[in-house]
Each structure stands twice: as structure tokens, then as C-alpha cells.
>>> print(open('work01.txt').read())   # compact mmCIF, C-alpha atoms and all ligand atoms
# COMPACT_ATOMS: atom_id res chain seq x y z
CA LYS A 1 -2.41 19.86 -8.68
CA ILE A 2 -2.10 16.34 -7.23
CA LEU A 3 -4.71 13.59 -7.69
CA ILE A 4 -4.96 10.61 -5.34
CA THR A 5 -7.08 7.63 -6.39
CA GLY A 6 -8.18 5.25 -3.65
CA ALA A 7 -7.91 8.28 -1.38
CA LEU A 8 -10.32 6.78 1.20
CA GLY A 9 -8.31 3.58 1.59
CA GLN A 10 -5.75 2.49 4.17
CA ILE A 11 -2.81 4.22 2.45
CA GLY A 12 -4.87 6.84 0.61
CA THR A 13 -6.29 8.60 3.66
CA GLU A 14 -2.89 9.05 5.29
CA LEU A 15 -1.08 9.94 2.08
CA THR A 16 -3.74 12.56 1.34
CA ASN A 17 -3.30 14.11 4.80
CA LYS A 18 0.47 14.30 4.31
CA LEU A 19 0.20 15.80 0.82
CA VAL A 20 -2.27 18.40 2.12
CA GLU A 21 0.17 19.25 4.91
CA ILE A 22 2.99 19.78 2.40
CA HIS A 23 1.19 21.31 -0.61
CA GLY A 24 -1.95 22.84 0.88
CA ALA A 25 -5.52 21.51 0.54
CA GLU A 26 -6.19 23.63 -2.53
CA ASN A 27 -3.55 21.62 -4.46
CA VAL A 28 -4.85 18.17 -3.57
CA VAL A 29 -7.75 16.34 -5.26
CA ALA A 30 -8.90 13.17 -3.51
CA SER A 31 -11.01 10.60 -5.35
CA GLY A 32 -12.81 7.44 -4.38
CA LEU A 33 -15.97 5.45 -4.97
CA ASP A 34 -17.79 6.67 -1.86
CA ARG A 35 -20.25 9.54 -1.86
CA TRP A 36 -18.65 12.74 -0.48
CA ASP A 37 -19.32 13.90 3.06
CA LYS A 38 -17.49 16.68 4.90
CA ASN A 39 -15.25 14.58 7.21
CA LEU A 40 -14.22 12.16 4.51
CA THR A 41 -10.94 13.75 3.51
CA SER A 42 -8.63 16.70 4.26
CA ALA A 43 -8.12 17.36 0.52
CA GLY A 44 -9.39 20.63 -0.90
CA PHE A 45 -11.40 18.78 -3.56
CA TYR A 46 -13.11 15.40 -3.73
CA GLU A 47 -14.20 13.63 -6.91
CA ARG A 48 -16.46 10.56 -6.69
CA MET A 49 -14.73 8.58 -9.44
CA ASP A 50 -14.63 5.03 -10.77
CA VAL A 51 -11.00 4.85 -11.96
CA THR A 52 -11.95 2.33 -14.64
CA ASN A 53 -14.03 5.08 -16.32
CA THR A 54 -11.24 6.52 -18.49
CA GLN A 55 -13.31 9.37 -19.95
CA LEU A 56 -14.22 10.57 -16.46
CA VAL A 57 -10.62 10.24 -15.25
CA ARG A 58 -9.31 12.25 -18.22
CA GLN A 59 -11.93 14.93 -17.58
CA VAL A 60 -10.81 15.25 -13.92
CA ILE A 61 -7.14 15.46 -14.98
CA LYS A 62 -8.03 18.26 -17.40
CA ASP A 63 -10.43 20.17 -15.16
CA TYR A 64 -8.03 20.34 -12.20
CA GLU A 65 -4.83 20.57 -14.31
CA ILE A 66 -3.43 17.52 -12.48
CA THR A 67 0.30 16.93 -13.02
CA THR A 68 1.04 14.26 -10.39
CA VAL A 69 -1.07 11.15 -9.68
CA TYR A 70 -0.80 8.80 -6.69
CA HIS A 71 -2.79 5.89 -8.08
CA LEU A 72 -3.71 3.74 -5.07
CA ALA A 73 -7.10 2.33 -6.09
CA SER A 74 -6.80 -1.47 -6.12
CA LEU A 75 -8.17 -4.75 -4.79
CA LEU A 76 -5.88 -6.44 -2.27
CA SER A 77 -4.78 -10.08 -2.18
CA GLY A 78 -7.66 -11.71 -0.33
CA THR A 79 -10.38 -9.87 -2.25
CA SER A 80 -8.64 -10.42 -5.58
CA GLU A 81 -8.77 -14.18 -5.14
CA LYS A 82 -12.56 -13.92 -4.89
CA GLN A 83 -12.98 -11.69 -7.99
CA PRO A 84 -10.06 -12.48 -10.35
CA LEU A 85 -11.39 -10.83 -13.53
CA PHE A 86 -12.53 -7.63 -11.82
CA ALA A 87 -9.28 -7.53 -9.81
CA TRP A 88 -7.26 -7.74 -13.04
CA LYS A 89 -9.33 -4.97 -14.67
CA LEU A 90 -9.16 -2.62 -11.68
CA ASN A 91 -5.51 -3.34 -10.82
CA ILE A 92 -4.15 -2.92 -14.35
CA GLU A 93 -6.31 -0.85 -16.76
CA PRO A 94 -6.30 2.49 -14.89
CA LEU A 95 -2.50 2.22 -14.43
CA LEU A 96 -2.12 1.81 -18.19
CA GLN A 97 -4.39 4.81 -18.80
CA PHE A 98 -2.34 7.00 -16.45
CA CYS A 99 0.86 5.89 -18.21
CA GLU A 100 -0.75 6.75 -21.56
CA MET A 101 -1.68 10.22 -20.25
CA ALA A 102 1.91 10.73 -19.07
CA LYS A 103 3.17 9.60 -22.48
CA GLU A 104 0.87 12.23 -24.06
CA GLY A 105 2.42 14.86 -21.76
CA LEU A 106 -0.73 15.35 -19.66
CA LEU A 107 0.96 14.07 -16.46
CA LYS A 108 4.48 14.70 -15.14
CA LYS A 109 4.78 12.00 -12.46
CA ILE A 110 2.91 8.89 -11.28
CA PHE A 111 3.19 6.83 -8.10
CA TRP A 112 1.78 3.32 -8.15
CA PRO A 113 1.99 0.75 -5.30
CA SER A 114 3.36 -2.68 -5.99
CA SER A 115 3.69 -5.35 -3.30
CA ILE A 116 5.86 -8.16 -1.95
CA ALA A 117 3.07 -10.26 -3.44
CA VAL A 118 4.99 -10.15 -6.75
CA PHE A 119 7.39 -12.71 -5.28
CA GLY A 120 6.23 -16.31 -5.22
CA THR A 121 7.41 -19.81 -4.57
CA GLY A 122 10.70 -21.27 -5.76
CA ILE A 123 12.97 -18.60 -4.29
CA PRO A 124 14.61 -18.47 -0.81
CA LYS A 125 12.18 -16.89 1.68
CA GLU A 126 14.76 -14.81 3.53
CA ASN A 127 16.34 -11.53 2.43
CA VAL A 128 14.82 -11.60 -1.06
CA GLY A 129 16.75 -9.37 -3.47
CA GLN A 130 15.66 -6.62 -5.87
CA GLU A 131 16.33 -8.67 -9.02
CA VAL A 132 14.97 -12.16 -8.43
CA VAL A 133 12.66 -14.21 -10.63
CA LEU A 134 9.08 -13.17 -9.93
CA ASN A 135 6.70 -16.11 -9.71
CA PRO A 136 3.48 -14.86 -8.14
CA THR A 137 0.77 -17.47 -7.54
CA THR A 138 -2.05 -15.10 -6.58
CA VAL A 139 -4.32 -12.93 -8.74
CA TYR A 140 -3.11 -9.89 -6.86
CA GLY A 141 0.57 -10.85 -7.27
CA ILE A 142 0.09 -11.48 -11.00
CA SER A 143 -1.54 -8.07 -11.43
CA LYS A 144 1.22 -6.33 -9.48
CA MET A 145 3.95 -8.13 -11.48
CA ALA A 146 2.28 -7.13 -14.76
CA GLY A 147 1.85 -3.57 -13.50
CA GLU A 148 5.56 -3.36 -12.69
CA LYS A 149 6.50 -4.52 -16.19
CA TRP A 150 4.14 -1.87 -17.70
CA CYS A 151 5.78 0.83 -15.56
CA GLU A 152 9.21 -0.26 -16.80
CA TYR A 153 7.96 -0.39 -20.42
CA TYR A 154 6.52 3.15 -20.35
CA HIS A 155 9.64 4.46 -18.65
CA ASN A 156 12.09 2.81 -21.05
CA LYS A 157 10.09 3.43 -24.23
CA PHE A 158 8.51 6.85 -23.59
CA GLY A 159 10.45 8.30 -20.63
CA VAL A 160 7.34 8.24 -18.41
CA ASP A 161 8.27 9.09 -14.81
CA VAL A 162 6.28 6.40 -12.96
CA ARG A 163 7.67 5.28 -9.61
CA SER A 164 6.72 2.26 -7.50
CA ILE A 165 7.40 0.47 -4.22
CA ARG A 166 6.84 -3.20 -3.35
CA TYR A 167 5.05 -2.47 -0.08
CA PRO A 168 5.18 -5.10 2.66
CA GLY A 169 2.14 -5.51 4.90
CA LEU A 170 1.08 -2.06 6.13
CA ILE A 171 -0.10 -1.44 9.67
CA SER A 172 -2.08 1.62 10.72
CA TRP A 173 -4.97 2.68 12.95
CA LYS A 174 -6.60 5.63 11.13
CA THR A 175 -8.34 3.65 8.37
CA PRO A 176 -9.03 -0.10 8.50
CA ALA A 177 -7.25 -2.25 5.93
CA GLY A 178 -9.48 -3.99 3.41
CA GLY A 179 -9.14 -7.53 2.19
CA GLY A 180 -5.40 -8.08 2.58
CA THR A 181 -3.54 -11.15 3.83
CA THR A 182 -1.40 -9.06 6.19
CA ASP A 183 -4.51 -7.50 7.73
CA TYR A 184 -4.22 -9.87 10.68
CA ALA A 185 -1.50 -7.46 11.91
CA VAL A 186 -4.05 -4.63 11.86
CA GLU A 187 -7.05 -6.55 13.22
CA ILE A 188 -5.04 -7.93 16.14
CA PHE A 189 -4.65 -4.44 17.61
CA TYR A 190 -8.37 -3.60 17.27
CA GLU A 191 -9.32 -6.92 18.90
CA ALA A 192 -6.69 -6.55 21.63
CA VAL A 193 -8.19 -3.20 22.65
CA GLU A 194 -11.83 -4.24 22.23
CA GLN A 195 -11.78 -7.92 23.33
CA GLY A 196 -8.39 -8.56 24.95
CA LYS A 197 -7.97 -11.53 22.62
CA TYR A 198 -7.56 -12.35 18.90
CA THR A 199 -8.00 -15.36 16.64
CA SER A 200 -5.36 -15.09 13.91
CA PHE A 201 -6.12 -16.34 10.38
CA ILE A 202 -2.35 -16.66 9.81
CA SER A 203 -0.46 -19.40 11.69
CA GLU A 204 1.83 -18.45 14.56
CA ASN A 205 5.23 -18.95 12.92
CA THR A 206 4.49 -17.32 9.54
CA GLY A 207 6.97 -14.49 9.21
CA MET A 208 6.05 -11.65 6.83
CA PRO A 209 7.63 -8.28 6.01
CA MET A 210 5.61 -5.47 7.61
CA LEU A 211 5.83 -1.70 7.91
CA TYR A 212 4.18 0.95 10.05
CA MET A 213 2.14 3.40 7.96
CA ASN A 214 4.14 6.45 9.07
CA ASP A 215 7.25 4.84 7.57
CA ALA A 216 5.36 3.80 4.42
CA ILE A 217 4.20 7.39 3.79
CA LYS A 218 7.71 8.73 4.43
CA ALA A 219 9.23 6.20 2.02
CA THR A 220 6.64 7.02 -0.66
CA LEU A 221 7.42 10.74 -0.51
CA ASP A 222 11.19 10.13 -0.32
CA LEU A 223 10.97 8.12 -3.55
CA MET A 224 8.72 10.70 -5.26
CA ASN A 225 11.02 13.57 -4.27
CA ALA A 226 14.26 11.81 -5.28
CA PRO A 227 16.08 13.19 -8.34
CA LYS A 228 14.98 11.09 -11.36
CA GLU A 229 18.60 10.44 -12.38
CA ASN A 230 19.29 8.63 -9.07
CA LEU A 231 16.67 5.96 -9.74
CA THR A 232 18.01 2.67 -11.11
CA VAL A 233 14.84 0.60 -10.64
CA HIS A 234 11.89 1.18 -13.01
CA THR A 235 9.75 -1.78 -12.01
CA ALA A 236 9.28 -1.31 -8.24
CA TYR A 237 11.64 -0.91 -5.30
CA ASN A 238 11.92 -3.62 -2.66
CA LEU A 239 10.96 -2.32 0.77
CA GLY A 240 11.46 -4.76 3.62
CA GLY A 241 10.38 -2.88 6.74
CA MET A 242 10.45 -5.32 9.66
CA SER A 243 9.69 -9.06 9.60
CA PHE A 244 7.75 -10.76 12.34
CA THR A 245 5.35 -13.64 12.97
CA PRO A 246 1.88 -13.46 14.58
CA LYS A 247 3.45 -15.05 17.68
CA GLU A 248 6.13 -12.36 17.91
CA LEU A 249 3.55 -9.61 17.44
CA ALA A 250 1.35 -11.13 20.16
CA GLU A 251 4.36 -11.21 22.50
CA GLU A 252 4.93 -7.51 21.80
CA ILE A 253 1.28 -6.70 22.59
CA LYS A 254 1.50 -8.71 25.85
CA LYS A 255 4.30 -6.39 26.99
CA GLU A 256 1.70 -3.59 26.99
CA MET A 257 -1.36 -5.75 27.79
CA PRO A 258 -0.25 -8.80 29.87
CA ASP A 259 -3.71 -10.43 29.79
CA PHE A 260 -3.93 -10.44 25.99
CA THR A 261 -4.39 -13.94 24.49
CA ILE A 262 -4.17 -15.23 20.93
CA ASP A 263 -5.20 -18.42 19.15
CA TYR A 264 -4.78 -19.51 15.53
CA GLN A 265 -7.32 -20.61 12.90
CA PRO A 266 -5.58 -20.27 9.52
CA ASP A 267 -7.93 -19.69 6.57
CA PHE A 268 -7.43 -19.41 2.76
CA ARG A 269 -5.06 -16.51 3.31
CA GLN A 270 -2.49 -18.85 4.91
CA GLN A 271 -1.72 -20.27 1.46
CA ILE A 272 -1.24 -16.75 0.13
CA ALA A 273 1.12 -15.90 3.00
CA ASP A 274 3.05 -19.16 2.44
CA SER A 275 3.82 -18.04 -1.13
CA TRP A 276 5.36 -14.75 0.01
CA PRO A 277 8.88 -14.02 1.36
CA ALA A 278 9.53 -13.79 5.08
CA SER A 279 12.07 -10.95 4.71
CA ILE A 280 13.29 -8.59 1.98
CA ASP A 281 16.61 -6.99 1.01
CA ASP A 282 15.91 -3.27 0.41
CA SER A 283 19.53 -2.11 0.04
CA VAL A 284 18.89 -0.71 -3.47
CA ALA A 285 16.20 1.67 -2.17
CA LYS A 286 18.54 2.74 0.63
CA LYS A 287 21.27 3.49 -1.91
CA ASP A 288 19.12 5.16 -4.62
CA TRP A 289 16.85 7.38 -2.48
CA GLY A 290 17.84 7.07 1.20
CA LEU A 291 15.10 4.72 2.45
CA SER A 292 15.03 4.75 6.27
CA TYR A 293 12.70 3.68 9.08
CA ASP A 294 11.62 5.27 12.35
CA TYR A 295 9.36 2.54 13.75
CA GLY A 296 10.37 -0.92 14.95
CA ILE A 297 7.88 -3.49 16.29
CA SER A 298 7.77 -2.07 19.84
CA GLU A 299 7.42 1.58 18.79
CA MET A 300 4.67 0.53 16.38
CA THR A 301 2.87 -1.58 19.00
CA LYS A 302 2.89 1.24 21.54
CA ASP A 303 1.67 3.80 18.96
CA MET A 304 -1.08 1.49 17.66
CA LEU A 305 -2.47 0.62 21.11
CA GLU A 306 -2.28 4.21 22.36
CA ASN A 307 -4.17 5.61 19.37
CA LEU A 308 -6.73 2.79 19.15
CA LYS A 309 -7.62 3.12 22.84
CA VAL A 310 -8.60 6.73 22.09
CA LYS A 311 -10.23 6.01 18.72
CA LEU A 312 -12.27 3.02 19.95
CA ALA A 313 -13.31 4.71 23.18
CA LYS A 314 -15.30 7.17 21.05
CA ASN A 315 -17.41 4.37 19.47
C1 LIG B 1 -2.27 -7.55 1.14
N1 LIG B 1 -1.71 -5.62 2.53
O1 LIG B 1 -2.22 -8.20 2.15
C2 LIG B 1 -1.61 -6.17 1.17
C3 LIG B 1 -0.16 -6.25 0.80
C4 LIG B 1 2.02 -7.45 1.08
C5 LIG B 1 0.56 -7.42 1.46
O2 LIG B 1 0.00 -6.26 -0.57
O3 LIG B 1 -2.81 -7.92 0.14
>>> encode(input="work01.txt", output="C-alpha cells")
Amino acid sequence: KILITGALGQIGTELTNKLVEIHGAENVVASGLDRWDKNLTSAGFYERMDVTNTQLVRQVIKDYEITTVYHLASLLSGTSEKQPLFAWKLNIEPLLQFCEMAKEGLLKKIFWPSSIAVFGTGIPKENVGQEVVLNPTTVYGISKMAGEKWCEYYHNKFGVDVRSIRYPGLISWKTPAGGGTTDYAVEIFYEAVEQGKYTSFISENTGMPMLYMNDAIKATLDLMNAPKENLTVHTAYNLGGMSFTPKELAEEIKKEMPDFTIDYQPDFRQQIADSWPASIDDSVAKKDWGLSYDYGISEMTKDMLENLKVKLAKN
């Protein structure tokens, strides 16, 4: 069976749905901190689980005979700055435990999300390559860089099959994002539909790599299904998606909603965004496991607005 941690989060909910579609609900165990209720997840099983409780995690792995783990539970960049020590504990310790379980032969395969937050200052901001010096300046970026090095260590030393992607900012409408710096690109759509205007906490010309959730889920499964021998990266694969600024995104929304207006009040997350690349070179992922995209900024904008108009009308 498959276990997803952080299954109620922005990626987790949609990844769970996809895995249920492919493998059947009876083969998918979702887990999260929230109390279970019937419309929480499409998975066949739900375990209320604190991933830092190793004994409990090992018990779940045993009870359900889990062989593959998608370990998504994490604090994002904004939240991590506010709780550095807890962020480090949550973002690193469970990953190590899953790698240990794989080393012991309890697990066959692990997916773990890294982020473009591993890059920092001191490198060119455009078209950042797979093998550049990582110099993260945020708690989140430090934890993701350390996590990548642990993945590489367990792969090289013990042959653990742990795979990872440096996600850009992810945009989706099904589940709100929580505590990220790129969340402006999610909030802007909710506010456009509900208020017709948005105050961005990221300044207008700050370009960041972004990706529509449908493409992020596809890339995740393409990597996990790739033959192990094709993979040349054992830290985490660059994934660039599409780069745009808040101004460019606002222009795209105006094409669908001409009266939409935006203004800018950068907050502490502007400094985080300033330490990240504006665009990424993901040619290695394209070569190793056929990374491809279906959604550009206009397809994404149309899909987001269409779905949010329906979703928010129900509230
Ligand atoms: C964040 N959405 O903003 C996440 C992501 C690249 C950004 O890691 O923290």
C-alpha cells in the first residue's frame, strides 16, 4: 500500500486523489494531523498521525504493509521563519526515519518534496542549473538543502530509492496553500473572484518560478514511475515550470476580468522571494524522466478562475 503524509495539504489532497484514481482507494492510506471526517480524503484509509512520532509511524507502516511513502508533511517558508526549531524538527526528522525504514527494507520507495528555496543569494537569478552552489538563507531553504543531502547519502550508502523534486511555487484551487512565500499567486485568484482586487505581499516585478498543480502532480508521478537506472540526480531535480511576476499575473487575470485591480504592500516574505531564483533550468529532469508541462500562465489563469467561481459560489 501507499502512505501519504501531509495528505490534507495543498499538494497532499491532489496527490492522494490521483493515487486513488490509479491504484484504487483500498491501496492508499492518507495521514494528517486533523481529526478524520468523511469528506476529508478520497483515500481508502485515514490515519490521524503526527509524523514526528516515529513509533506511531512505524506501527502504521507495519499495520498497512506500506511499501511506498509520499512524505509531504512540512512547514513552508513563511511559517518556518516564525518557528525555526520546530520547522527543522518537522522538516528533517521524519524524512530521516523514512530513509532508515527503507534502509531496513521496510519501504521500497520514498518521494520527498524539495523546493527552489534551496537556492540562495550569490548565484545568477536566471536559468539556475541543476548543479549550482546552494546557499539558502531561510529556515525552510536550509531544511530542504539538508534533506536533499540526506536523500543522496541514503541512496549512495544504502541504495535507498528516495526521489525528490525542487518544486517551484505551486498554484491550485482545491486546497488553500499554507504559509508559503509564493502563496500570493494562489490568494490573488481567490481575491479576484471574491473582491475584484488584491493587495500583493510580493512586489510587482519579483519574478518567481511557478507551476500549476496539475503539472506538479504529473511530474511527481513521472519521476516516481521512471526506471531507477535512468535517474542521475539523487538530491532533488530542478523543476522550473513558468516564471512570472505579480504584475504579469495580474495582467493575465485582467484578460478574463477587466475590472480587476492590484496594489502592492510587500511584507517579510519579500526578502525571502528576493533570495530565490527568478527562473530555473530543468533540462536534466527532461532528459532523465521526460518532464513536460501542459499549463502555461493563460491556461492556468482560465482554469483557476473557472473553478474558483464555482467553488466560492457555494460558500
Ligand atoms: C513556499 N510554496 O512558498 C512554497 C515553495 C518555492 C516555494 O517552497 O514556501
>>> closest_residue(input="work01.txt", among="A:Lys1, A:Lys62, A:Lys82, A:His234", to="Gly44 of chain A", atoms="all atoms listed in the file")
A:Lys1
>>> residues_around(input="work01.txt", residues="segment 218-226 of chain A", least_positions_apart="3", cutoff="10 Å", atoms="only C-alpha atoms", output="PyMOL selection string")
chain A and resi 15+18-19+68+70+109-113+161-165+167+213-215+229-231+237+239+285+288-294
>>> write_last_selection(input="work01.txt", atoms="C-alpha atoms", output="PDB file, in the coordinates of the input")
ATOM      1  CA  LEU A  15      -1.080   9.940   2.080  1.00  0.00           C
ATOM      2  CA  LYS A  18       0.470  14.300   4.310  1.00  0.00           C
ATOM      3  CA  LEU A  19       0.200  15.800   0.820  1.00  0.00           C
ATOM      4  CA  THR A  68       1.040  14.260 -10.390  1.00  0.00           C
ATOM      5  CA  TYR A  70      -0.800   8.800  -6.690  1.00  0.00           C
ATOM      6  CA  LYS A 109       4.780  12.000 -12.460  1.00  0.00           C
ATOM      7  CA  ILE A 110       2.910   8.890 -11.280  1.00  0.00           C
ATOM      8  CA  PHE A 111       3.190   6.830  -8.100  1.00  0.00           C
ATOM      9  CA  TRP A 112       1.780   3.320  -8.150  1.00  0.00           C
ATOM     10  CA  PRO A 113       1.990   0.750  -5.300  1.00  0.00           C
ATOM     11  CA  ASP A 161       8.270   9.090 -14.810  1.00  0.00           C
ATOM     12  CA  VAL A 162       6.280   6.400 -12.960  1.00  0.00           C
ATOM     13  CA  ARG A 163       7.670   5.280  -9.610  1.00  0.00           C
ATOM     14  CA  SER A 164       6.720   2.260  -7.500  1.00  0.00           C
ATOM     15  CA  ILE A 165       7.400   0.470  -4.220  1.00  0.00           C
ATOM     16  CA  TYR A 167       5.050  -2.470  -0.080  1.00  0.00           C
ATOM     17  CA  MET A 213       2.140   3.400   7.960  1.00  0.00           C
ATOM     18  CA  ASN A 214       4.140   6.450   9.070  1.00  0.00           C
ATOM     19  CA  ASP A 215       7.250   4.840   7.570  1.00  0.00           C
ATOM     20  CA  GLU A 229      18.600  10.440 -12.380  1.00  0.00           C
ATOM     21  CA  ASN A 230      19.290   8.630  -9.070  1.00  0.00           C
ATOM     22  CA  LEU A 231      16.670   5.960  -9.740  1.00  0.00           C
ATOM     23  CA  TYR A 237      11.640  -0.910  -5.300  1.00  0.00           C
ATOM     24  CA  LEU A 239      10.960  -2.320   0.770  1.00  0.00           C
ATOM     25  CA  ALA A 285      16.200   1.670  -2.170  1.00  0.00           C
ATOM     26  CA  ASP A 288      19.120   5.160  -4.620  1.00  0.00           C
ATOM     27  CA  TRP A 289      16.850   7.380  -2.480  1.00  0.00           C
ATOM     28  CA  GLY A 290      17.840   7.070   1.200  1.00  0.00           C
ATOM     29  CA  LEU A 291      15.100   4.720   2.450  1.00  0.00           C
ATOM     30  CA  SER A 292      15.030   4.750   6.270  1.00  0.00           C
ATOM     31  CA  TYR A 293      12.700   3.680   9.080  1.00  0.00           C
ATOM     32  CA  ASP A 294      11.620   5.270  12.350  1.00  0.00           C
TER      33      ASP A 294
END
>>> closest_atom_pairs(input="work01.txt", of="chain A", to="ligand LIG 1 (chain B)", cutoff="10 Å", atoms="only C-alpha atoms and all ligand atoms", output="Markdown table")
| residue | atom | partner | partner_atom | distance |
| --- | --- | --- | --- | --- |
| A:Gln10 | CA | B:LIG1 | N1 | 9.2 |
| A:Ile11 | CA | B:LIG1 | N1 | 9.9 |
| A:Ser74 | CA | B:LIG1 | O3 | 9.8 |
| A:Leu75 | CA | B:LIG1 | O3 | 7.9 |
| A:Leu76 | CA | B:LIG1 | O3 | 4.2 |
| A:Ser77 | CA | B:LIG1 | O3 | 3.7 |
| A:Gly78 | CA | B:LIG1 | O3 | 6.2 |
| A:Thr79 | CA | B:LIG1 | O3 | 8.2 |
| A:Ser80 | CA | B:LIG1 | O3 | 8.5 |
| A:Pro113 | CA | B:LIG1 | O2 | 8.7 |
| A:Ser114 | CA | B:LIG1 | O2 | 7.3 |
| A:Ser115 | CA | B:LIG1 | O2 | 4.7 |
| A:Ile116 | CA | B:LIG1 | C4 | 4.9 |
| A:Ala117 | CA | B:LIG1 | C4 | 5.4 |
| A:Val118 | CA | B:LIG1 | C4 | 8.8 |
| A:Phe119 | CA | B:LIG1 | C4 | 9.8 |
| A:Thr138 | CA | B:LIG1 | O3 | 9.9 |
| A:Tyr140 | CA | B:LIG1 | O3 | 7.3 |
| A:Gly141 | CA | B:LIG1 | O2 | 8.1 |
| A:Lys144 | CA | B:LIG1 | O2 | 9.0 |
| A:Arg166 | CA | B:LIG1 | C4 | 7.8 |
| A:Tyr167 | CA | B:LIG1 | C4 | 5.9 |
| A:Pro168 | CA | B:LIG1 | C4 | 4.2 |
| A:Gly169 | CA | B:LIG1 | C5 | 4.2 |
| A:Leu170 | CA | B:LIG1 | N1 | 5.8 |
| A:Ile171 | CA | B:LIG1 | N1 | 8.4 |
| A:Ala177 | CA | B:LIG1 | N1 | 7.3 |
| A:Gly178 | CA | B:LIG1 | N1 | 8.0 |
| A:Gly179 | CA | B:LIG1 | O3 | 6.7 |
| A:Gly180 | CA | B:LIG1 | O1 | 3.2 |
| A:Thr181 | CA | B:LIG1 | O1 | 3.6 |
| A:Thr182 | CA | B:LIG1 | O1 | 4.2 |
| A:Asp183 | CA | B:LIG1 | O1 | 6.1 |
| A:Tyr184 | CA | B:LIG1 | O1 | 8.9 |
| A:Ala185 | CA | B:LIG1 | N1 | 9.6 |
| A:Val186 | CA | B:LIG1 | N1 | 9.7 |
| A:Met208 | CA | B:LIG1 | C4 | 8.2 |
| A:Pro209 | CA | B:LIG1 | C4 | 7.5 |
| A:Met210 | CA | B:LIG1 | C4 | 7.7 |
| A:Leu211 | CA | B:LIG1 | C4 | 9.7 |
| A:Arg269 | CA | B:LIG1 | O1 | 8.9 |
| A:Ile272 | CA | B:LIG1 | O1 | 8.8 |
| A:Ala273 | CA | B:LIG1 | O1 | 8.4 |
| A:Trp276 | CA | B:LIG1 | C4 | 8.1 |
| A:Pro277 | CA | B:LIG1 | C4 | 9.5 |
>>> atom_distance(input="work01.txt", atom1="atom CA of Lys302 of chain A", atom2="atom CA of Ile217 of chain A")
18.8 Å
>>> residues_around(input="work01.txt", residues="Thr121 of chain A", least_positions_apart="5", cutoff="8 Å", atoms="only C-alpha atoms", output="PyMOL selection string")
chain A and resi 135-137+275-276
>>> residues_around(input="work01.txt", residues="Phe260 of chain A", least_positions_apart="4", cutoff="6 Å", atoms="all atoms listed in the file", output="PyMOL selection string")
chain A and resi 196-197+254
>>> closest_residue(input="work01.txt", among="A:Ser42, A:Asn238, A:Thr232, A:Met49", to="Thr16 of chain A", atoms="only C-alpha atoms")
A:Ser42
>>> residues_around(input="work01.txt", residues="Ala102 of chain A", least_positions_apart="3", cutoff="12 Å", atoms="only C-alpha atoms", output="list of chain:residue names")
A:Arg58, A:Ile61, A:Ile66, A:Thr67, A:Thr68, A:Val69, A:Leu95, A:Leu96, A:Gln97, A:Phe98, A:Cys99, A:Gly105, A:Leu106, A:Leu107, A:Lys108, A:Lys109, A:Ile110, A:Phe111, A:Cys151, A:Tyr154, A:His155, A:Phe158, A:Gly159, A:Val160, A:Asp161, A:Val162
>>> residues_around(input="work01.txt", residues="Thr235 of chain A", least_positions_apart="6", cutoff="6 Å", atoms="all atoms listed in the file", output="JSON, numbers by chain")
{"A": [148, 149, 151, 152]}
>>> build_atoms(input="work01.txt", residues="segment 194-211 of chain A", atoms="N, CA and C atoms", output="mmCIF file, in the coordinates of the input")
data_model
loop_
_atom_site.group_PDB
_atom_site.id
_atom_site.type_symbol
_atom_site.label_atom_id
_atom_site.label_comp_id
_atom_site.auth_asym_id
_atom_site.auth_seq_id
_atom_site.Cartn_x
_atom_site.Cartn_y
_atom_site.Cartn_z
ATOM 1 N N GLU A 194 -10.377 -4.073 22.006
ATOM 2 C CA GLU A 194 -11.830 -4.240 22.230
ATOM 3 C C GLU A 194 -12.175 -5.527 22.994
ATOM 4 N N GLN A 195 -11.424 -6.622 22.731
ATOM 5 C CA GLN A 195 -11.780 -7.920 23.330
ATOM 6 C C GLN A 195 -10.702 -8.490 24.254
ATOM 7 N N GLY A 196 -9.465 -7.989 24.122
ATOM 8 C CA GLY A 196 -8.390 -8.560 24.950
ATOM 9 C C GLY A 196 -7.888 -9.879 24.406
ATOM 10 N N LYS A 197 -8.420 -10.261 23.220
ATOM 11 C CA LYS A 197 -7.970 -11.530 22.620
ATOM 12 C C LYS A 197 -8.149 -11.450 21.098
ATOM 13 N N TYR A 198 -7.483 -12.372 20.365
ATOM 14 C CA TYR A 198 -7.560 -12.350 18.900
ATOM 15 C C TYR A 198 -7.359 -13.745 18.345
ATOM 16 N N THR A 199 -8.191 -14.104 17.366
ATOM 17 C CA THR A 199 -8.000 -15.360 16.640
ATOM 18 C C THR A 199 -7.373 -15.023 15.292
ATOM 19 N N SER A 200 -6.116 -15.465 15.114
ATOM 20 C CA SER A 200 -5.360 -15.090 13.910
ATOM 21 C C SER A 200 -5.642 -16.050 12.746
ATOM 22 N N PHE A 201 -5.873 -15.483 11.556
ATOM 23 C CA PHE A 201 -6.120 -16.340 10.380
ATOM 24 C C PHE A 201 -4.800 -16.712 9.685
ATOM 25 N N ILE A 202 -3.682 -16.272 10.298
ATOM 26 C CA ILE A 202 -2.350 -16.660 9.810
ATOM 27 C C ILE A 202 -1.679 -17.446 10.939
ATOM 28 N N SER A 203 -1.008 -18.533 10.631
ATOM 29 C CA SER A 203 -0.460 -19.400 11.690
ATOM 30 C C SER A 203 0.723 -18.716 12.393
ATOM 31 N N GLU A 204 0.981 -19.202 13.618
ATOM 32 C CA GLU A 204 1.830 -18.450 14.560
ATOM 33 C C GLU A 204 3.260 -18.214 14.071
ATOM 34 N N ASN A 205 3.812 -19.129 13.294
ATOM 35 C CA ASN A 205 5.230 -18.950 12.920
ATOM 36 C C ASN A 205 5.421 -18.441 11.490
ATOM 37 N N THR A 206 4.372 -17.834 10.916
ATOM 38 C CA THR A 206 4.490 -17.320 9.540
ATOM 39 C C THR A 206 5.050 -15.904 9.558
ATOM 40 N N GLY A 207 6.339 -15.823 9.228
ATOM 41 C CA GLY A 207 6.970 -14.490 9.210
ATOM 42 C C GLY A 207 6.619 -13.765 7.920
ATOM 43 N N MET A 208 6.296 -12.464 8.029
ATOM 44 C CA MET A 208 6.050 -11.650 6.830
ATOM 45 C C MET A 208 6.673 -10.266 7.015
ATOM 46 N N PRO A 209 7.094 -9.650 5.933
ATOM 47 C CA PRO A 209 7.630 -8.280 6.010
ATOM 48 C C PRO A 209 6.471 -7.320 6.270
ATOM 49 N N MET A 210 6.671 -6.413 7.219
ATOM 50 C CA MET A 210 5.610 -5.470 7.610
ATOM 51 C C MET A 210 6.217 -4.073 7.755
ATOM 52 N N LEU A 211 5.336 -3.078 7.780
ATOM 53 C CA LEU A 211 5.830 -1.700 7.910
ATOM 54 C C LEU A 211 4.752 -0.848 8.561
#
